[in-house]
Structure formats: C-alpha cells, structure tokens
Amino acid sequence: MTNTPTVAWFWPNPGIRQWLPNGGPYRVIVGANEPGANHLGKIETQQLVRAGQILLGAA
Amino acid sequence: MAASNAENFLQRTRAAKKVMVLDLGFLGDTVHLLPALWLVRQAYPQAELHVTVAAHITSLMDCVPWVNRVWGYMRYPRHATLRENIQMVARLRREQFDVLINLNGSDRSSWLTFLSGARERLGRMPNGGGPPFWQRMFTAHVAHPFTEEPVYEQRCRCLAKAGFPSTPPEFHAQVDPAGLRAADISGADKGSYVHISPFTTADFKELPPEQLVELIAALTKHFPEKKLALSCAPVPRELEKMEQLLAQLPQKPWRVFAGNLSLMQLAAVIQHSGAATPGRSI
C-alpha cells in the first residue's frame, strides 16, 4: 500500500500465499513452528539483514 | 429470487446511484480490498460509494477519499450484539442501496447483504459453496478459488467475472504526510530510518525476544546511517512486549511508537521510512 521496501517474516500459515506481497520491493522469509518452541524459528538474523541489504541497495 | 447470471452484473447495474461494498474486514483484509474498491469506484463514477469494514480500523479508510462514506461494524474487541445487528440492517435498508457488493462470503456478511434490501446483491461463493440457501441471498454470485493468489487479486478477479474491467490492481491509497507531525518526523527525515513493527497477535508468529534484540543490533551495525523507529499496536500484549524489548536494548531507538499512532499516521511513518521490517505489514 505504501510501496516501502519491506522485509517481512511470516509463520507457516497454510493460507500464506493469499497474504504475501506479489512483486514490488518486498522480501518475505517464512519460518517454522518447531515442536516445543513458543516462538517462530528457522529464521536466521543474517537472512533478515541480507534481505534488507538487497532492498536498500536496490531502493 | 434465485441468483441470476453474474457476467452482466455491471452492465445491468451501471446506472446505480448508491453502492455499498460490504466487507467487515480487519486491517489486512481491508488493505487487500482497496484495489477492488477502486474498480468499483471506476465502474460507478456517478454513484455515492459506501464501504463497511470492522469498526476499529475505519480510520484506515482516510486514505481513500474517493469513498463517500465509511461504515464501521463491531468485530473487535467483541462481536456485534443482536441489537447492533438489527440496527445495522435497519440502517442499510434506510439507505436503499441500488447495489451491494460482498466479496467476503462469510455467513455474517452474507446475512447482512441479504437483509440489506439492496436491489442488486453481488456475492462471492464461500469455500465449499456455503449453506444450501446461500445463493438465494444474492441476485448474482461468482466463484473463485480462495488460496491461489493474493487476496487483492482474487477480489479483482471476482469483479472481472461480474463484468467489471479486468485491469491491473491499483491501491490508489493517499497517505497524508501530515500524519508525520504526530510522529515528530519531518520531511528531512525521509528515507533516513528503518521502521520495525515486531509484534503480531501471538508468540508463534513472532521472532524470539532475544533474536529481536540481535536483529536490532545487526541492523544498527550494518546500516549505521539509518535510524531506527519501532512501533506496536495499542493493545496490552504488544505494549508489554515493547517495554520488555526496550529494556534489553543498549540504547533507545530514535523513535518508539507504543500504540500512540493512528493507522494513517503509522502508514505515513512507514511510507516515509527507508525500509520496513514488519511482523505485520501495511
């Protein structure tokens, strides 16, 4: 809506494809909900930083 | 009356003077509604255009001044009471809408559509076809898969099946930069900060707290020229999490918006930033 370069992290929602941005200056990283873990897992901090670098480099 | 052919819905309703788009959606649903709403606006340029969304997010609709009236329907933090539903139906009937468009298909919105008294009622068939009488609530209906494309594209394709022009989706949202003043951000700050909205509605959708601290440290290291702005929603859960996060940061971020911005002000902050990393996105 605002067209701002955006890095988003998502939980593995079965209907996720409906809510992901399509094209544009966006990077989406989908994590995992592992047994026994309260929070979203399987996302490396460096993945998020790299995605930001790509976007800001291209912005 | 049984549902009629949807393909010529626009053709036979083009002269409508009053149109309602009834969605009842929360923030994400409503953002995704905007391209379809714009198509409706274009298709009925002479009509008074109304839209109904969840009452707590009506302020978002300030970004679409081309909608004539915005209605709020109570869905959060509680459901509408029976009395409120009856009042809603009475209000809808008083308005005497020529056309009501419902691309949501939920039971509640379908009942409101049926009882609205609107002369023409376009609906979207729910997953599984809905209850046996569902089709009779509408004068025309379309069917389109719910999971294959982004919601905003699905809604535009539903309209295309009802005879609306099939054009690339456009949001046509106008974010008023005046919203920046409330955030103490000036025009000179444009592109100079990264906005982070780290919280959602449940832990399992969020990064672990220690990783958030690590992420903020990494962003500060890798983007030393960028300032940081954090925000959260004005709900106790997120406010508490924000307080805990701030207590763990070695230095306070440039700006912290702890639930004190309206949706339009937040949209202005995001639009003015160099980048955003939301747990939830606008």
# chains A, B, ... in the order shown; residues from 1 in each chain; ligands from 1
$ interface_residues --of "chain B" --to "chain A" --cutoff "8 Å" --atoms "only C-alpha atoms" --output "ChimeraX atom specification"
/B:31,146-151,171,173,175,203-208,211,214-215,218-219,222,267,270-282
$ write_last_selection --atoms "N, CA and C atoms" --output "short mmCIF file (atom, residue, chain, number, x, y, z; two decimals), in the first residue's frame"
data_model
loop_
_atom_site.label_atom_id
_atom_site.label_comp_id
_atom_site.auth_asym_id
_atom_site.auth_seq_id
_atom_site.Cartn_x
_atom_site.Cartn_y
_atom_site.Cartn_z
N VAL B 31 -6.92 -3.66 3.59
CA VAL B 31 -5.87 -3.22 2.65
C VAL B 31 -6.03 -3.99 1.34
N PHE B 146 -9.96 -19.56 -3.27
CA PHE B 146 -9.58 -18.67 -2.18
C PHE B 146 -8.09 -18.67 -1.86
N THR B 147 -7.34 -19.62 -2.38
CA THR B 147 -5.97 -19.76 -1.86
C THR B 147 -4.87 -19.59 -2.89
N GLU B 148 -5.20 -19.39 -4.15
CA GLU B 148 -4.17 -19.45 -5.18
C GLU B 148 -3.41 -18.13 -5.38
N GLU B 149 -4.04 -17.01 -5.10
CA GLU B 149 -3.43 -15.71 -5.39
C GLU B 149 -3.58 -14.81 -4.18
N PRO B 150 -2.84 -13.69 -4.17
CA PRO B 150 -3.06 -12.71 -3.10
C PRO B 150 -4.53 -12.28 -3.07
N VAL B 151 -5.00 -12.00 -1.87
CA VAL B 151 -6.42 -11.67 -1.69
C VAL B 151 -6.85 -10.53 -2.59
N PHE B 171 -3.94 0.26 -5.85
CA PHE B 171 -4.43 0.52 -4.49
C PHE B 171 -5.03 1.93 -4.36
N ALA B 173 -4.20 4.44 -2.76
CA ALA B 173 -4.25 4.94 -1.38
C ALA B 173 -3.47 6.25 -1.31
N VAL B 175 -1.72 8.53 1.29
CA VAL B 175 -1.27 8.66 2.68
C VAL B 175 -0.90 10.12 2.92
N ASP B 203 2.75 -15.39 20.12
CA ASP B 203 4.19 -15.68 20.14
C ASP B 203 4.63 -16.50 18.94
N PHE B 204 3.80 -17.49 18.55
CA PHE B 204 4.27 -18.41 17.50
C PHE B 204 4.42 -17.73 16.13
N LYS B 205 3.92 -16.48 16.03
CA LYS B 205 4.08 -15.74 14.77
C LYS B 205 5.27 -14.77 14.85
N GLU B 206 5.91 -14.71 16.01
CA GLU B 206 6.93 -13.69 16.25
C GLU B 206 8.32 -14.30 16.44
N LEU B 207 9.33 -13.50 16.14
CA LEU B 207 10.70 -13.92 16.43
C LEU B 207 10.88 -13.99 17.94
N PRO B 208 11.76 -14.88 18.43
CA PRO B 208 12.04 -14.92 19.87
C PRO B 208 12.59 -13.56 20.34
N GLN B 211 16.17 -12.87 19.76
CA GLN B 211 16.54 -12.67 18.35
C GLN B 211 16.18 -11.26 17.89
N GLU B 214 18.96 -9.17 18.88
CA GLU B 214 20.09 -9.45 17.97
C GLU B 214 19.87 -8.77 16.61
N LEU B 215 18.63 -8.82 16.13
CA LEU B 215 18.32 -8.21 14.84
C LEU B 215 18.53 -6.69 14.88
N ALA B 218 22.12 -5.98 14.81
CA ALA B 218 22.69 -6.23 13.47
C ALA B 218 22.31 -5.12 12.51
N LEU B 219 21.10 -4.64 12.59
CA LEU B 219 20.67 -3.55 11.70
C LEU B 219 21.47 -2.29 12.00
N HIS B 222 24.99 -2.90 10.48
CA HIS B 222 25.09 -2.97 9.02
C HIS B 222 24.54 -1.72 8.31
N ALA B 267 0.89 4.65 8.71
CA ALA B 267 1.15 4.48 7.27
C ALA B 267 2.09 5.57 6.77
N ILE B 270 5.61 4.69 7.87
CA ILE B 270 6.17 3.60 7.05
C ILE B 270 6.52 4.11 5.66
N GLN B 271 5.64 4.89 5.09
CA GLN B 271 5.90 5.38 3.73
C GLN B 271 7.12 6.28 3.68
N HIS B 272 7.38 6.99 4.75
CA HIS B 272 8.47 7.95 4.79
C HIS B 272 9.81 7.29 5.13
N SER B 273 9.75 6.04 5.59
CA SER B 273 10.97 5.36 6.02
C SER B 273 11.76 4.87 4.81
N GLY B 274 13.01 4.47 5.08
CA GLY B 274 13.81 3.90 4.00
C GLY B 274 13.46 2.46 3.77
N ALA B 275 13.02 1.78 4.83
CA ALA B 275 12.64 0.38 4.74
C ALA B 275 11.85 0.01 5.98
N ALA B 276 11.09 -1.05 5.86
CA ALA B 276 10.30 -1.51 6.99
C ALA B 276 10.51 -3.00 7.17
N THR B 277 10.52 -3.44 8.41
CA THR B 277 10.61 -4.87 8.68
C THR B 277 9.49 -5.24 9.63
N PRO B 278 8.33 -5.51 9.08
CA PRO B 278 7.19 -5.73 9.95
C PRO B 278 6.93 -7.18 10.26
N GLY B 279 6.51 -7.44 11.50
CA GLY B 279 5.88 -8.71 11.80
C GLY B 279 4.50 -8.69 11.17
N ARG B 280 3.93 -7.51 11.17
CA ARG B 280 2.69 -7.30 10.43
C ARG B 280 2.97 -6.14 9.48
N SER B 281 2.35 -6.17 8.32
CA SER B 281 2.70 -5.17 7.33
C SER B 281 1.50 -4.36 6.89
N ILE B 282 1.76 -3.15 6.48
CA ILE B 282 0.70 -2.30 5.91
C ILE B 282 1.05 -2.08 4.44
#
$ select_by_dssp --residues "segment 9-173 of chain B" --states "strand (DSSP E or B)" --output "list in words"
Lys18, Val19, Met20, Val21, Leu22, Glu48, Leu49, His50, Val51, Thr52, Val53, Ala54, Arg69, Val70, Trp71, Gly72, Tyr73, Val99, Leu100, Ile101, Asn102, Glu120, Arg121, Leu122, Gly123, Arg124, Ala140, His141 and Val142 of chain B
$ write_last_selection --atoms "N, CA and C atoms" --output "mmCIF file, in the first residue's frame"
data_model
loop_
_atom_site.group_PDB
_atom_site.id
_atom_site.type_symbol
_atom_site.label_atom_id
_atom_site.label_comp_id
_atom_site.auth_asym_id
_atom_site.auth_seq_id
_atom_site.Cartn_x
_atom_site.Cartn_y
_atom_site.Cartn_z
ATOM 1 N N LYS B 18 -26.436 4.550 -5.764
ATOM 2 C CA LYS B 18 -25.887 4.340 -4.419
ATOM 3 C C LYS B 18 -25.374 2.898 -4.319
ATOM 4 N N VAL B 19 -24.089 2.755 -4.003
ATOM 5 C CA VAL B 19 -23.441 1.433 -3.990
ATOM 6 C C VAL B 19 -22.767 1.207 -2.640
ATOM 7 N N MET B 20 -22.960 0.027 -2.081
ATOM 8 C CA MET B 20 -22.281 -0.358 -0.834
ATOM 9 C C MET B 20 -21.364 -1.542 -1.116
ATOM 10 N N VAL B 21 -20.103 -1.450 -0.660
ATOM 11 C CA VAL B 21 -19.210 -2.615 -0.647
ATOM 12 C C VAL B 21 -19.115 -3.051 0.810
ATOM 13 N N LEU B 22 -19.652 -4.219 1.106
ATOM 14 C CA LEU B 22 -19.747 -4.682 2.494
ATOM 15 C C LEU B 22 -18.718 -5.779 2.710
ATOM 16 N N GLU B 48 -22.886 7.284 -5.290
ATOM 17 C CA GLU B 48 -22.388 7.508 -3.935
ATOM 18 C C GLU B 48 -21.849 6.156 -3.470
ATOM 19 N N LEU B 49 -20.562 6.111 -3.151
ATOM 20 C CA LEU B 49 -19.937 4.829 -2.804
ATOM 21 C C LEU B 49 -19.736 4.726 -1.291
ATOM 22 N N HIS B 50 -20.298 3.683 -0.699
ATOM 23 C CA HIS B 50 -20.144 3.407 0.731
ATOM 24 C C HIS B 50 -19.335 2.123 0.894
ATOM 25 N N VAL B 51 -18.655 1.988 2.038
ATOM 26 C CA VAL B 51 -17.952 0.736 2.335
ATOM 27 C C VAL B 51 -18.109 0.438 3.828
ATOM 28 N N THR B 52 -18.267 -0.841 4.168
ATOM 29 C CA THR B 52 -18.342 -1.252 5.576
ATOM 30 C C THR B 52 -17.143 -2.129 5.911
ATOM 31 N N VAL B 53 -16.414 -1.722 6.949
ATOM 32 C CA VAL B 53 -15.263 -2.502 7.428
ATOM 33 C C VAL B 53 -15.400 -2.648 8.946
ATOM 34 N N ALA B 54 -14.509 -3.414 9.565
ATOM 35 C CA ALA B 54 -14.555 -3.559 11.024
ATOM 36 C C ALA B 54 -14.391 -2.178 11.660
ATOM 37 N N ARG B 69 -18.650 7.338 1.925
ATOM 38 C CA ARG B 69 -18.963 7.118 3.339
ATOM 39 C C ARG B 69 -18.414 5.781 3.814
ATOM 40 N N VAL B 70 -17.829 5.795 5.021
ATOM 41 C CA VAL B 70 -17.266 4.575 5.603
ATOM 42 C C VAL B 70 -18.109 4.185 6.818
ATOM 43 N N TRP B 71 -18.552 2.949 6.840
ATOM 44 C CA TRP B 71 -19.329 2.428 7.956
ATOM 45 C C TRP B 71 -18.448 1.485 8.777
ATOM 46 N N GLY B 72 -18.627 1.520 10.095
ATOM 47 C CA GLY B 72 -17.897 0.586 10.960
ATOM 48 C C GLY B 72 -18.844 -0.467 11.510
ATOM 49 N N TYR B 73 -18.404 -1.711 11.526
ATOM 50 C CA TYR B 73 -19.200 -2.818 12.071
ATOM 51 C C TYR B 73 -18.394 -3.453 13.203
ATOM 52 N N VAL B 99 -27.054 -1.132 -5.303
ATOM 53 C CA VAL B 99 -26.130 -2.266 -5.479
ATOM 54 C C VAL B 99 -25.393 -2.512 -4.164
ATOM 55 N N LEU B 100 -25.282 -3.760 -3.784
ATOM 56 C CA LEU B 100 -24.422 -4.133 -2.664
ATOM 57 C C LEU B 100 -23.475 -5.239 -3.154
ATOM 58 N N ILE B 101 -22.194 -5.017 -2.920
ATOM 59 C CA ILE B 101 -21.171 -5.978 -3.365
ATOM 60 C C ILE B 101 -20.494 -6.572 -2.135
ATOM 61 N N ASN B 102 -20.461 -7.891 -2.058
ATOM 62 C CA ASN B 102 -19.882 -8.592 -0.924
ATOM 63 C C ASN B 102 -18.913 -9.652 -1.456
ATOM 64 N N GLU B 120 -29.795 -4.985 -6.081
ATOM 65 C CA GLU B 120 -28.874 -5.956 -6.697
ATOM 66 C C GLU B 120 -27.790 -6.295 -5.685
ATOM 67 N N ARG B 121 -27.549 -7.588 -5.496
ATOM 68 C CA ARG B 121 -26.586 -8.018 -4.479
ATOM 69 C C ARG B 121 -25.622 -9.036 -5.095
ATOM 70 N N LEU B 122 -24.363 -8.612 -5.226
ATOM 71 C CA LEU B 122 -23.346 -9.495 -5.813
ATOM 72 C C LEU B 122 -22.562 -10.156 -4.692
ATOM 73 N N GLY B 123 -22.459 -11.477 -4.718
ATOM 74 C CA GLY B 123 -21.719 -12.187 -3.681
ATOM 75 C C GLY B 123 -20.642 -13.088 -4.247
ATOM 76 N N ARG B 124 -19.738 -13.492 -3.359
ATOM 77 C CA ARG B 124 -18.705 -14.462 -3.731
ATOM 78 C C ARG B 124 -18.978 -15.754 -2.979
ATOM 79 N N ALA B 140 -26.812 -12.150 -7.748
ATOM 80 C CA ALA B 140 -25.779 -12.696 -8.647
ATOM 81 C C ALA B 140 -24.604 -13.129 -7.778
ATOM 82 N N HIS B 141 -23.930 -14.156 -8.199
ATOM 83 C CA HIS B 141 -22.767 -14.576 -7.420
ATOM 84 C C HIS B 141 -21.676 -15.088 -8.353
ATOM 85 N N VAL B 142 -20.456 -15.004 -7.842
ATOM 86 C CA VAL B 142 -19.309 -15.528 -8.595
ATOM 87 C C VAL B 142 -18.576 -16.523 -7.702
#
$ atom_distance --atom1 "atom CA of Leu39 of chain B" --atom2 "atom CA of Gly25 of chain B"
17.9 Å
$ residues_around --residues "Trp254 of chain B" --least-positions-apart "5" --cutoff "7 Å" --atoms "only C-alpha atoms" --output "VMD selection string"
chain B and resid 227 to 229
$ select_by_dssp --residues "chain A" --states "alpha helix (DSSP H)" --output "list in words"
Thr45, Gln46, Gln47, Leu48, Val49, Arg50, Ala51, Gly52, Gln53, Ile54, Leu55, Leu56, Gly57 and Ala58 of chain A
$ residues_around --residues "Pro253 of chain B" --least-positions-apart "5" --cutoff "12 Å" --atoms "only C-alpha atoms" --output "mmCIF file with C-alpha atoms, in the first residue's frame"
data_model
loop_
_atom_site.group_PDB
_atom_site.id
_atom_site.type_symbol
_atom_site.label_atom_id
_atom_site.label_comp_id
_atom_site.auth_asym_id
_atom_site.auth_seq_id
_atom_site.Cartn_x
_atom_site.Cartn_y
_atom_site.Cartn_z
ATOM 1 C CA TYR B 193 15.264 5.435 9.129
ATOM 2 C CA VAL B 194 14.168 1.814 9.217
ATOM 3 C CA HIS B 195 10.780 1.091 10.717
ATOM 4 C CA ILE B 196 10.307 -2.139 12.675
ATOM 5 C CA VAL B 213 17.491 -7.769 20.212
ATOM 6 C CA ILE B 216 18.223 -4.625 16.052
ATOM 7 C CA ALA B 217 21.916 -4.788 16.921
ATOM 8 C CA LEU B 219 20.673 -3.553 11.699
ATOM 9 C CA THR B 220 22.471 -0.856 13.683
ATOM 10 C CA LYS B 226 19.912 4.600 9.321
ATOM 11 C CA LYS B 227 17.997 5.467 12.467
ATOM 12 C CA LEU B 228 15.532 3.017 13.986
ATOM 13 C CA ALA B 229 11.818 3.517 14.610
ATOM 14 C CA LEU B 230 9.859 0.839 16.479
ATOM 15 C CA SER B 231 6.105 0.578 16.677
ATOM 16 C CA MET B 242 7.617 -3.411 23.646
ATOM 17 C CA LEU B 245 12.244 -5.227 24.332
ATOM 18 C CA LEU B 246 13.280 -1.650 25.091
ATOM 19 C CA ALA B 247 14.658 -2.740 28.475
ATOM 20 C CA GLN B 248 17.031 -5.115 26.671
#
$ decode --residues "segment 21-165 of chain B" --atoms "C-alpha atoms" --output "short mmCIF file (atom, residue, chain, number, x, y, z; two decimals), in the first residue's frame"
data_model
loop_
_atom_site.label_atom_id
_atom_site.label_comp_id
_atom_site.auth_asym_id
_atom_site.auth_seq_id
_atom_site.Cartn_x
_atom_site.Cartn_y
_atom_site.Cartn_z
CA VAL B 21 -19.21 -2.61 -0.65
CA LEU B 22 -19.75 -4.68 2.49
CA ASP B 23 -16.66 -6.48 3.74
CA LEU B 24 -16.42 -6.28 7.57
CA GLY B 25 -12.68 -6.92 7.28
CA PHE B 26 -9.84 -6.27 9.71
CA LEU B 27 -6.67 -4.40 8.72
CA GLY B 28 -5.16 -6.95 6.30
CA ASP B 29 -8.48 -7.76 4.64
CA THR B 30 -9.23 -4.09 4.19
CA VAL B 31 -5.87 -3.22 2.65
CA HIS B 32 -6.45 -6.12 0.26
CA LEU B 33 -9.91 -4.77 -0.53
CA LEU B 34 -8.63 -1.44 -1.87
CA PRO B 35 -7.89 -2.45 -5.50
CA ALA B 36 -11.36 -4.00 -5.87
CA LEU B 37 -12.88 -0.95 -4.22
CA TRP B 38 -11.09 1.24 -6.75
CA LEU B 39 -12.52 -0.87 -9.60
CA VAL B 40 -15.99 -0.34 -8.14
CA ARG B 41 -15.33 3.39 -7.87
CA GLN B 42 -14.30 3.50 -11.54
CA ALA B 43 -17.27 1.42 -12.65
CA TYR B 44 -19.86 3.63 -10.94
CA PRO B 45 -18.31 7.11 -11.22
CA GLN B 46 -21.62 8.86 -10.60
CA ALA B 47 -22.68 6.77 -7.63
CA GLU B 48 -22.39 7.51 -3.93
CA LEU B 49 -19.94 4.83 -2.80
CA HIS B 50 -20.14 3.41 0.73
CA VAL B 51 -17.95 0.74 2.33
CA THR B 52 -18.34 -1.25 5.58
CA VAL B 53 -15.26 -2.50 7.43
CA ALA B 54 -14.56 -3.56 11.02
CA ALA B 55 -15.24 -0.57 13.29
CA HIS B 56 -11.78 -0.49 14.86
CA ILE B 57 -9.99 0.11 11.55
CA THR B 58 -12.27 2.69 9.93
CA SER B 59 -9.51 5.33 10.29
CA LEU B 60 -7.53 3.44 7.63
CA MET B 61 -10.14 4.48 5.11
CA ASP B 62 -8.98 8.10 5.40
CA CYS B 63 -6.51 7.01 2.70
CA VAL B 64 -9.32 6.55 0.17
CA PRO B 65 -11.05 9.93 -0.02
CA TRP B 66 -12.78 8.72 -3.20
CA VAL B 67 -15.10 6.63 -0.98
CA ASN B 68 -18.06 8.77 0.04
CA ARG B 69 -18.96 7.12 3.34
CA VAL B 70 -17.27 4.57 5.60
CA TRP B 71 -19.33 2.43 7.96
CA GLY B 72 -17.90 0.59 10.96
CA TYR B 73 -19.20 -2.82 12.07
CA MET B 74 -18.29 -4.06 15.56
CA ARG B 75 -16.00 -7.10 15.35
CA TYR B 76 -13.19 -6.28 17.79
CA PRO B 77 -12.67 -6.43 20.74
CA ARG B 78 -16.14 -8.05 20.79
CA HIS B 79 -18.71 -9.23 18.27
CA ALA B 80 -21.72 -7.11 17.37
CA THR B 81 -24.71 -7.76 19.62
CA LEU B 82 -28.07 -8.83 18.26
CA ARG B 83 -29.32 -5.30 18.84
CA GLU B 84 -26.37 -3.83 16.89
CA ASN B 85 -27.03 -6.26 14.03
CA ILE B 86 -30.68 -5.25 13.91
CA GLN B 87 -29.66 -1.58 13.91
CA MET B 88 -27.20 -2.28 11.10
CA VAL B 89 -29.87 -3.94 8.98
CA ALA B 90 -32.28 -1.06 9.63
CA ARG B 91 -29.60 1.45 8.61
CA LEU B 92 -28.79 -0.49 5.44
CA ARG B 93 -32.46 -0.64 4.49
CA ARG B 94 -32.97 3.07 5.11
CA GLU B 95 -30.19 3.88 2.66
CA GLN B 96 -31.94 1.95 -0.15
CA PHE B 97 -28.78 0.86 -1.93
CA ASP B 98 -29.13 0.08 -5.62
CA VAL B 99 -26.13 -2.27 -5.48
CA LEU B 100 -24.42 -4.13 -2.66
CA ILE B 101 -21.17 -5.98 -3.36
CA ASN B 102 -19.88 -8.59 -0.92
CA LEU B 103 -16.62 -10.30 -1.91
CA ASN B 104 -16.17 -11.74 1.55
CA GLY B 105 -18.70 -14.57 1.54
CA SER B 106 -18.76 -15.06 5.32
CA ASP B 107 -22.03 -16.12 6.97
CA ARG B 108 -22.41 -12.85 8.86
CA SER B 109 -21.72 -10.59 5.89
CA SER B 110 -23.98 -12.72 3.68
CA TRP B 111 -26.91 -12.36 6.10
CA LEU B 112 -26.40 -8.61 6.30
CA THR B 113 -26.29 -8.49 2.49
CA PHE B 114 -29.49 -10.50 2.18
CA LEU B 115 -31.34 -8.36 4.72
CA SER B 116 -29.97 -5.06 3.38
CA GLY B 117 -32.83 -4.54 0.96
CA ALA B 118 -30.35 -3.64 -1.81
CA ARG B 119 -31.91 -4.17 -5.21
CA GLU B 120 -28.87 -5.96 -6.70
CA ARG B 121 -26.59 -8.02 -4.48
CA LEU B 122 -23.35 -9.50 -5.81
CA GLY B 123 -21.72 -12.19 -3.68
CA ARG B 124 -18.71 -14.46 -3.73
CA MET B 125 -19.40 -18.12 -3.12
CA PRO B 126 -17.75 -19.33 0.11
CA ASN B 127 -15.39 -22.28 0.22
CA GLY B 128 -17.49 -25.41 -0.13
CA GLY B 129 -20.42 -23.49 -1.59
CA GLY B 130 -21.86 -22.30 1.72
CA PRO B 131 -25.21 -23.34 3.20
CA PRO B 132 -27.91 -24.64 0.78
CA PHE B 133 -29.74 -21.31 0.76
CA TRP B 134 -26.61 -19.16 0.35
CA GLN B 135 -27.14 -18.46 -3.36
CA ARG B 136 -30.63 -17.12 -2.66
CA MET B 137 -29.16 -14.33 -0.54
CA PHE B 138 -27.74 -12.73 -3.68
CA THR B 139 -29.08 -11.66 -7.04
CA ALA B 140 -25.78 -12.70 -8.65
CA HIS B 141 -22.77 -14.58 -7.42
CA VAL B 142 -19.31 -15.53 -8.59
CA ALA B 143 -17.00 -18.35 -7.60
CA HIS B 144 -13.23 -18.02 -7.41
CA PRO B 145 -10.58 -20.09 -5.56
CA PHE B 146 -9.58 -18.67 -2.18
CA THR B 147 -5.97 -19.76 -1.86
CA GLU B 148 -4.17 -19.45 -5.18
CA GLU B 149 -3.43 -15.71 -5.39
CA PRO B 150 -3.06 -12.71 -3.10
CA VAL B 151 -6.42 -11.67 -1.69
CA TYR B 152 -6.42 -8.34 -3.52
CA GLU B 153 -6.01 -10.13 -6.86
CA GLN B 154 -8.73 -12.65 -6.01
CA ARG B 155 -11.19 -9.85 -5.35
CA CYS B 156 -10.39 -8.08 -8.61
CA ARG B 157 -10.86 -11.37 -10.48
CA CYS B 158 -14.22 -11.86 -8.79
CA LEU B 159 -15.29 -8.47 -10.10
CA ALA B 160 -13.99 -9.35 -13.57
CA LYS B 161 -16.32 -12.37 -13.50
CA ALA B 162 -19.17 -9.94 -12.85
CA GLY B 163 -18.35 -7.88 -15.92
CA PHE B 164 -16.04 -5.28 -14.35
CA PRO B 165 -12.99 -4.28 -16.44
#
